[in-house]
$ cat protein22.cif   # mmCIF, C-alpha atoms and all ligand atoms
data_upload
loop_
_atom_site.label_atom_id
_atom_site.label_comp_id
_atom_site.auth_asym_id
_atom_site.auth_seq_id
_atom_site.Cartn_x
_atom_site.Cartn_y
_atom_site.Cartn_z
CA MET A 206 4.02 -1.85 -15.02
CA LEU A 207 3.63 -5.03 -12.97
CA GLN A 208 1.17 -7.82 -13.65
CA THR A 209 -0.30 -10.32 -11.25
CA LYS A 210 -2.92 -12.94 -11.95
CA ARG A 211 -5.85 -10.64 -11.22
CA THR A 212 -4.31 -7.15 -11.35
CA SER A 213 -2.16 -4.71 -13.26
CA LEU A 214 -0.11 -2.17 -11.34
CA ARG A 215 0.67 0.98 -13.30
CA PRO A 216 1.52 4.62 -12.63
CA PHE A 217 -1.42 6.89 -11.88
CA THR A 218 -2.28 9.54 -14.43
CA ILE A 219 -4.48 12.57 -13.91
CA THR A 220 -7.43 10.85 -15.62
CA ASP A 221 -7.55 8.44 -12.65
CA TYR A 222 -8.83 11.20 -10.37
CA PRO A 223 -12.42 9.83 -10.06
CA ALA A 224 -11.01 6.49 -8.82
CA VAL A 225 -8.63 8.25 -6.40
CA PHE A 226 -11.55 10.30 -5.13
CA GLU A 227 -13.66 7.15 -4.72
CA PHE A 228 -11.21 5.36 -2.43
CA GLY A 229 -9.82 8.56 -0.89
CA SER A 230 -13.23 9.74 0.29
CA ASN A 231 -14.31 6.40 1.78
CA PRO A 232 -14.29 6.48 5.62
CA GLU A 233 -13.87 2.69 5.86
CA VAL A 234 -10.68 2.87 3.78
CA ALA A 235 -9.26 5.67 5.96
CA LYS A 236 -10.33 4.13 9.29
CA TYR A 237 -6.80 3.12 10.37
CA THR A 238 -4.59 5.06 7.98
CA GLY A 239 -4.66 8.59 9.40
CA ASP A 240 -5.36 9.89 5.87
CA ALA A 241 -7.61 12.95 5.73
CA LEU A 242 -10.83 12.12 3.86
CA LEU A 243 -11.05 13.81 0.47
CA GLN A 244 -13.94 16.25 0.21
CA ASP A 245 -13.59 17.35 -3.39
CA PRO A 246 -12.42 15.63 -6.61
CA GLN A 247 -9.90 18.45 -7.07
CA GLU A 248 -8.05 17.09 -4.01
CA ALA A 249 -7.71 13.75 -5.82
CA LYS A 250 -6.12 15.56 -8.78
CA ASP A 251 -3.70 17.29 -6.37
CA ILE A 252 -2.70 13.95 -4.79
CA ILE A 253 -1.98 12.46 -8.23
CA THR A 254 0.16 15.43 -9.25
CA ASN A 255 1.82 16.36 -5.97
CA ILE A 256 2.32 12.94 -4.41
CA PHE A 257 2.07 10.02 -6.85
CA GLU A 258 3.57 11.65 -9.97
CA SER A 259 6.02 13.70 -7.92
CA ASP A 260 7.35 10.48 -6.30
CA TYR A 261 7.71 8.77 -9.73
CA LYS A 262 9.80 11.73 -10.93
CA LYS A 263 11.90 12.05 -7.77
CA TYR A 264 12.53 8.39 -6.94
CA GLY A 265 11.49 6.41 -10.02
CA TYR A 266 8.69 4.63 -8.15
CA GLY A 267 5.73 5.38 -5.92
CA ARG A 268 2.23 4.18 -5.16
CA TRP A 269 0.70 2.61 -8.26
CA ALA A 270 -2.86 2.34 -9.50
CA THR A 271 -4.15 -1.16 -8.90
CA VAL A 272 -6.41 -2.25 -11.74
CA TYR A 273 -8.59 -5.25 -10.91
CA LYS A 274 -8.61 -6.96 -14.29
CA PRO A 275 -11.91 -8.88 -14.01
CA ASP A 276 -13.71 -5.51 -13.58
CA ASN A 277 -11.20 -3.36 -15.52
CA LYS A 278 -11.40 -0.93 -12.60
CA VAL A 279 -8.89 1.02 -10.51
CA ILE A 280 -9.71 -0.28 -7.03
CA GLY A 281 -7.03 1.56 -5.08
CA PHE A 282 -3.28 1.88 -4.80
CA ALA A 283 -0.40 -0.37 -3.92
CA GLY A 284 3.31 0.12 -4.11
CA LEU A 285 6.49 1.39 -2.62
CA LYS A 286 7.09 4.88 -1.28
CA TYR A 287 10.31 6.48 -0.16
CA LEU A 288 9.83 8.10 3.25
CA PRO A 289 12.47 10.84 3.51
CA GLU A 290 11.69 11.44 7.19
CA PHE A 291 12.87 7.88 8.00
CA ASP A 292 15.13 7.24 4.97
CA GLU A 293 13.16 4.04 4.44
CA VAL A 294 11.07 2.51 1.65
CA ASP A 295 7.57 1.59 2.74
CA ILE A 296 5.10 -0.82 1.15
CA GLY A 297 1.50 0.35 1.31
CA PHE A 298 -1.95 -0.39 -0.06
CA ARG A 299 -5.52 0.95 0.00
CA PHE A 300 -8.43 -0.74 -1.75
CA LEU A 301 -12.17 -0.22 -1.93
CA PRO A 302 -13.90 -2.34 0.75
CA GLN A 303 -15.81 -4.51 -1.73
CA TYR A 304 -12.42 -5.89 -2.83
CA TRP A 305 -11.11 -6.79 0.64
CA ASN A 306 -10.39 -10.30 1.85
CA LYS A 307 -9.96 -11.80 -1.60
CA GLY A 308 -6.18 -12.01 -1.26
CA ILE A 309 -5.56 -9.03 -3.55
CA ALA A 310 -3.19 -7.19 -1.18
CA THR A 311 -1.18 -10.37 -0.67
CA GLU A 312 -1.05 -11.07 -4.41
CA VAL A 313 0.11 -7.58 -5.40
CA SER A 314 2.49 -7.14 -2.45
CA LEU A 315 4.44 -10.28 -3.29
CA GLU A 316 5.09 -8.85 -6.76
CA ILE A 317 5.93 -5.41 -5.33
CA ILE A 318 8.59 -6.70 -2.92
CA LYS A 319 10.07 -8.82 -5.71
CA TYR A 320 10.33 -5.64 -7.82
CA GLY A 321 11.79 -3.75 -4.85
CA PHE A 322 14.58 -6.24 -4.21
CA GLU A 323 15.27 -7.56 -7.71
CA THR A 324 14.77 -4.47 -9.89
CA LEU A 325 15.27 -1.51 -7.54
CA LYS A 326 17.95 -3.40 -5.55
CA LEU A 327 16.61 -2.10 -2.25
CA GLN A 328 18.33 -3.21 0.95
CA ARG A 329 15.21 -3.19 3.08
CA ILE A 330 11.46 -2.69 2.79
CA ILE A 331 9.34 -1.67 5.75
CA GLY A 332 5.60 -1.61 6.41
CA ILE A 333 3.80 0.51 9.00
CA ALA A 334 0.31 -0.29 10.29
CA ASP A 335 -2.01 0.58 13.13
CA PRO A 336 -1.99 -2.50 15.40
CA LEU A 337 -5.80 -2.44 15.29
CA ASN A 338 -5.65 -2.80 11.50
CA LEU A 339 -5.55 -6.57 11.70
CA GLY A 340 -5.93 -7.10 7.95
CA SER A 341 -2.96 -4.89 7.11
CA CYS A 342 -0.74 -6.38 9.85
CA LYS A 343 -1.66 -9.83 8.58
CA VAL A 344 -0.78 -9.02 4.96
CA LEU A 345 2.61 -7.54 5.92
CA GLN A 346 3.48 -10.71 7.83
CA LYS A 347 2.08 -13.04 5.15
CA ILE A 348 4.44 -11.52 2.60
CA GLY A 349 7.41 -12.05 4.90
CA LEU A 350 7.90 -8.81 6.83
CA GLN A 351 8.65 -9.13 10.54
CA PHE A 352 7.61 -6.88 13.40
CA TYR A 353 10.54 -4.87 14.78
CA LYS A 354 9.15 -1.96 16.77
CA SER A 355 6.12 -0.09 17.99
CA ASP A 356 6.55 3.65 17.55
CA ASP A 357 5.06 6.99 16.65
CA TYR A 358 4.40 7.51 12.95
CA ASN A 359 2.59 10.70 12.08
CA GLY A 360 2.41 12.55 15.37
CA ASP A 361 -1.20 11.50 16.03
CA GLY A 362 -0.28 10.25 19.51
CA LYS A 363 -0.76 6.58 18.59
CA ASN A 364 1.85 3.86 18.32
CA TYR A 365 2.09 1.99 15.02
CA ASN A 366 3.55 -1.45 14.30
CA TYR A 367 6.69 -1.36 12.16
CA TYR A 368 7.56 -4.43 10.06
CA GLN A 369 10.64 -5.01 7.92
CA LEU A 370 12.16 -7.38 5.39
CA GLN A 371 15.92 -7.19 4.71
CA LYS A 372 17.29 -8.09 1.33
CA GLU A 373 19.33 -10.96 2.82
CA ASN A 374 16.10 -12.56 4.06
CA TYR A 375 14.47 -12.36 0.63
CA PRO A 376 12.83 -14.50 -0.61
CA PRO A 377 11.37 -15.21 2.84
CA LYS A 378 11.06 -18.79 3.98
CA VAL A 379 7.27 -18.79 4.53
C1 LIG B 401 -5.42 -3.63 4.44
C2 LIG B 401 -5.96 -4.06 3.06
C3 LIG B 401 -5.13 -3.40 1.97
C4 LIG B 401 -5.88 -5.56 2.96
O1 LIG B 401 -6.21 -5.93 1.65
P1 LIG B 401 -6.86 -7.33 1.28
O2 LIG B 401 -6.81 -7.46 -0.20
O3 LIG B 401 -8.17 -7.44 1.94
O4 LIG B 401 -5.83 -8.34 1.97
P2 LIG B 401 -5.76 -9.93 1.76
O5 LIG B 401 -7.10 -10.43 1.36
O6 LIG B 401 -4.61 -10.25 0.88
O7 LIG B 401 -5.38 -10.43 3.21
C5 LIG B 401 -6.09 -9.96 4.34
C6 LIG B 401 -5.84 -10.93 5.48
O8 LIG B 401 -6.21 -10.30 6.71
C7 LIG B 401 -7.21 -11.07 7.33
N1 LIG B 401 -8.12 -10.14 8.01
C8 LIG B 401 -8.81 -9.12 7.47
N2 LIG B 401 -9.53 -8.51 8.43
C9 LIG B 401 -9.24 -9.13 9.58
C10 LIG B 401 -9.67 -8.97 10.93
N3 LIG B 401 -10.52 -8.00 11.27
N4 LIG B 401 -9.18 -9.81 11.86
C11 LIG B 401 -8.30 -10.78 11.53
N5 LIG B 401 -7.85 -10.99 10.27
C12 LIG B 401 -8.33 -10.17 9.31
C13 LIG B 401 -7.88 -11.84 6.22
O9 LIG B 401 -8.54 -12.98 6.70
C14 LIG B 401 -6.67 -12.19 5.36
O10 LIG B 401 -5.91 -13.23 5.90
P3 LIG B 401 -5.99 -14.73 5.32
O11 LIG B 401 -5.64 -14.67 3.87
O12 LIG B 401 -4.98 -15.47 6.12
O13 LIG B 401 -7.38 -15.16 5.54
C15 LIG B 401 -7.43 -3.62 2.88
O14 LIG B 401 -8.17 -4.09 3.96
C16 LIG B 401 -7.59 -2.11 2.81
O15 LIG B 401 -7.51 -1.52 1.76
N6 LIG B 401 -7.86 -1.47 3.97
C17 LIG B 401 -8.03 -0.02 4.04
C18 LIG B 401 -6.73 0.74 3.85
C19 LIG B 401 -5.67 0.31 4.83
O16 LIG B 401 -5.93 0.20 6.03
N7 LIG B 401 -4.46 0.09 4.31
C20 LIG B 401 -3.32 -0.32 5.08
C21 LIG B 401 -2.73 0.82 5.80
S1 LIG B 401 -1.31 0.34 6.77
#

$ encode --input "protein22.cif" --output "structure tokens"
Amino acid sequence: MLQTKRTSLRPFTITDYPAVFEFGSNPEVAKYTGDALLQDPQEAKDIITNIFESDYKKYGYGRWATVYKPDNKVIGFAGLKYLPEFDEVDIGFRFLPQYWNKGIATEVSLEIIKYGFETLKLQRIIGIADPLNLGSCKVLQKIGLQFYKSDDYNGDGKNYNYYQLQKENYPPKV
């Protein structure tokens, strides 16, 4: 479990499914992510079991529930995910729109990359974002990742921006 000033990051459990459904069924949240919108709360339960908890078991980490402490509410996810198709570890985040532009992604991501390099001893962390997703591209750069290529990501025919931070450049001089 990680703590920041305004948030706690902890593993998802199945009882979080209403919160996962809330952000997973919001079209604004999915606008640039390519995620299919959830139609049924059962799909949120499946994501918790088959993706979040499966990643914790397989790799020891995964996307975490982000609890916004002032409201004691799960507002989305943030965390690292191993991408077997690229053999890379990706930092990612999704929050409910009413919590955007308050610096929450920046705050939690700084703690997540610290955990990635100092605790997990990762060599490199990447971030992938639709170039039109200006907020996400901005956060990745604010926390020290640098653009390195524009490429396909999920076969949707679009090019995504790839950012990276190597262990030797951590902590970044920002
Ligand atoms: C992307 C996301 C996680 C960012 O979270 P956040 O908590 O709002 O991020 P922060 O407040 O820490 O930083 C956002 C930065 O982007 C900037 N920004 C946001 N929208 C912008 C826009 N349309 N144009 C330019 N800058 C923008 C903000 O001004 C801020 O920069 P600043 O601190 O220099 O002012 C959030 O918007 C989200 O959940 N989006 C939906 C899911 C998603 O797209 N996830 C990323 C997938 S790659």

$ residues_near_ligand --input "protein22.cif" --ligand "ligand LIG 401 (chain B)" --cutoff "7 Å" --atoms "only C-alpha atoms and all ligand atoms" --output "ChimeraX atom specification"
/A:233-238,297-302,304-312,333-335,338-341,343-344

$ write_last_selection --input "protein22.cif" --atoms "C-alpha atoms" --output "mmCIF file, in the frame of the given file"
data_model
loop_
_atom_site.group_PDB
_atom_site.id
_atom_site.type_symbol
_atom_site.label_atom_id
_atom_site.label_comp_id
_atom_site.auth_asym_id
_atom_site.auth_seq_id
_atom_site.Cartn_x
_atom_site.Cartn_y
_atom_site.Cartn_z
ATOM 1 C CA GLU A 233 -13.870 2.690 5.860
ATOM 2 C CA VAL A 234 -10.680 2.870 3.780
ATOM 3 C CA ALA A 235 -9.260 5.670 5.960
ATOM 4 C CA LYS A 236 -10.330 4.130 9.290
ATOM 5 C CA TYR A 237 -6.800 3.120 10.370
ATOM 6 C CA THR A 238 -4.590 5.060 7.980
ATOM 7 C CA GLY A 297 1.500 0.350 1.310
ATOM 8 C CA PHE A 298 -1.950 -0.390 -0.060
ATOM 9 C CA ARG A 299 -5.520 0.950 0.000
ATOM 10 C CA PHE A 300 -8.430 -0.740 -1.750
ATOM 11 C CA LEU A 301 -12.170 -0.220 -1.930
ATOM 12 C CA PRO A 302 -13.900 -2.340 0.750
ATOM 13 C CA TYR A 304 -12.420 -5.890 -2.830
ATOM 14 C CA TRP A 305 -11.110 -6.790 0.640
ATOM 15 C CA ASN A 306 -10.390 -10.300 1.850
ATOM 16 C CA LYS A 307 -9.960 -11.800 -1.600
ATOM 17 C CA GLY A 308 -6.180 -12.010 -1.260
ATOM 18 C CA ILE A 309 -5.560 -9.030 -3.550
ATOM 19 C CA ALA A 310 -3.190 -7.190 -1.180
ATOM 20 C CA THR A 311 -1.180 -10.370 -0.670
ATOM 21 C CA GLU A 312 -1.050 -11.070 -4.410
ATOM 22 C CA ILE A 333 3.800 0.510 9.000
ATOM 23 C CA ALA A 334 0.310 -0.290 10.290
ATOM 24 C CA ASP A 335 -2.010 0.580 13.130
ATOM 25 C CA ASN A 338 -5.650 -2.800 11.500
ATOM 26 C CA LEU A 339 -5.550 -6.570 11.700
ATOM 27 C CA GLY A 340 -5.930 -7.100 7.950
ATOM 28 C CA SER A 341 -2.960 -4.890 7.110
ATOM 29 C CA LYS A 343 -1.660 -9.830 8.580
ATOM 30 C CA VAL A 344 -0.780 -9.020 4.960
#

$ closest_residue --input "protein22.cif" --among "A:Gln208, A:Thr220, A:Gln369, A:Ser230" --to "Ile296 of chain A" --atoms "only C-alpha atoms"
A:Gln369

$ closest_atom_pairs --input "protein22.cif" --of "segment 354-373 of chain A" --to "segment 318-323 of chain A" --cutoff "10 Å" --atoms "all atoms listed in the file" --output "tab-separated table"
residue	atom	partner	partner_atom	distance
A:Leu370	CA	A:Ile318	CA	9.1
A:Gln371	CA	A:Phe322	CA	9.1
A:Lys372	CA	A:Phe322	CA	6.4
A:Glu373	CA	A:Phe322	CA	9.7

$ residues_around --input "protein22.cif" --residues "segment 355-358 of chain A" --least-positions-apart "6" --cutoff "12 Å" --atoms "all atoms listed in the file" --output "NGL selection string"
:A and (238-239 or 288 or 290-291 or 332-336 or 364-368)

$ closest_residue --input "protein22.cif" --among "A:Ile253, A:Leu214, A:Leu327, A:Met206" --to "Ala270 of chain A" --atoms "all atoms listed in the file"
A:Leu214

$ atom_distance --input "protein22.cif" --atom1 "atom CA of Gly267 of chain A" --atom2 "atom CA of Arg215 of chain A"
10.0 Å

$ residues_near_point --input "protein22.cif" --point "(-3.6, 18.0, -7.2)" --cutoff "12 Å" --atoms "all atoms listed in the file" --output "ChimeraX atom specification"
/A:218-222,225-226,243,245-259

$ residues_around --input "protein22.cif" --residues "Ser213 of chain A" --least-positions-apart "6" --cutoff "9 Å" --atoms "all atoms listed in the file" --output "PyMOL selection string"
chain A and resi 206-207+270-274+313

$ atom_distance --input "protein22.cif" --atom1 "atom CA of Gln351 of chain A" --atom2 "atom CA of Asn374 of chain A"
10.5 Å

$ closest_residue --input "protein22.cif" --among "A:Gln303, A:Pro377, A:Asp240, A:Val279" --to "Asp361 of chain A" --atoms "all atoms listed in the file"
A:Asp240

$ atom_distance --input "protein22.cif" --atom1 "atom CA of Pro216 of chain A" --atom2 "atom CA of Trp269 of chain A"
4.9 Å

$ closest_residue --input "protein22.cif" --among "A:Tyr261, A:Tyr266, A:Phe282, A:Tyr353" --to "Glu227 of chain A" --atoms "all atoms listed in the file"
A:Phe282

$ closest_residue --input "protein22.cif" --among "A:Gly349, A:Pro289, A:Val294, A:Phe228" --to "Leu315 of chain A" --atoms "all atoms listed in the file"
A:Gly349

$ closest_residue --input "protein22.cif" --among "A:Glu293, A:Pro275, A:Leu337, A:Gly229" --to "Ala241 of chain A" --atoms "only C-alpha atoms"
A:Gly229

$ build_atoms --input "protein22.cif" --residues "segment 359-374 of chain A" --atoms "N, CA and C atoms" --output "CSV table (one decimal), keeping the file's coordinate frame"
chain,number,residue,atom,x,y,z
A,359,ASN,N,3.0,9.4,12.7
A,359,ASN,CA,2.6,10.7,12.1
A,359,ASN,C,2.2,11.8,13.1
A,360,GLY,N,2.7,11.5,14.4
A,360,GLY,CA,2.4,12.6,15.4
A,360,GLY,C,1.0,12.6,15.9
A,361,ASP,N,0.2,11.5,15.6
A,361,ASP,CA,-1.2,11.5,16.0
A,361,ASP,C,-1.4,11.0,17.5
A,362,GLY,N,-0.2,10.7,18.1
A,362,GLY,CA,-0.3,10.2,19.5
A,362,GLY,C,-0.4,8.7,19.7
A,363,LYS,N,-0.6,8.0,18.5
A,363,LYS,CA,-0.8,6.6,18.6
A,363,LYS,C,0.6,5.9,18.2
A,364,ASN,N,0.7,4.7,18.7
A,364,ASN,CA,1.8,3.9,18.3
A,364,ASN,C,1.4,3.0,17.2
A,365,TYR,N,2.3,2.8,16.2
A,365,TYR,CA,2.1,2.0,15.0
A,365,TYR,C,3.1,0.8,15.0
A,366,ASN,N,2.7,-0.3,14.4
A,366,ASN,CA,3.6,-1.4,14.3
A,366,ASN,C,4.4,-1.2,13.1
A,367,TYR,N,5.7,-1.4,13.3
A,367,TYR,CA,6.7,-1.4,12.2
A,367,TYR,C,7.2,-2.8,11.8
A,368,TYR,N,7.1,-3.1,10.5
A,368,TYR,CA,7.6,-4.4,10.1
A,368,TYR,C,8.7,-4.2,9.0
A,369,GLN,N,9.6,-5.2,8.9
A,369,GLN,CA,10.6,-5.0,7.9
A,369,GLN,C,11.0,-6.3,7.3
A,370,LEU,N,11.5,-6.2,6.1
A,370,LEU,CA,12.2,-7.4,5.4
A,370,LEU,C,13.5,-6.9,4.8
A,371,GLN,N,14.6,-7.5,5.2
A,371,GLN,CA,15.9,-7.2,4.7
A,371,GLN,C,16.2,-8.0,3.5
A,372,LYS,N,17.0,-7.4,2.6
A,372,LYS,CA,17.3,-8.1,1.3
A,372,LYS,C,17.9,-9.5,1.6
A,373,GLU,N,18.7,-9.6,2.6
A,373,GLU,CA,19.3,-11.0,2.8
A,373,GLU,C,18.3,-12.0,3.2
A,374,ASN,N,17.1,-11.6,3.7
A,374,ASN,CA,16.1,-12.6,4.1
A,374,ASN,C,15.1,-12.8,2.9
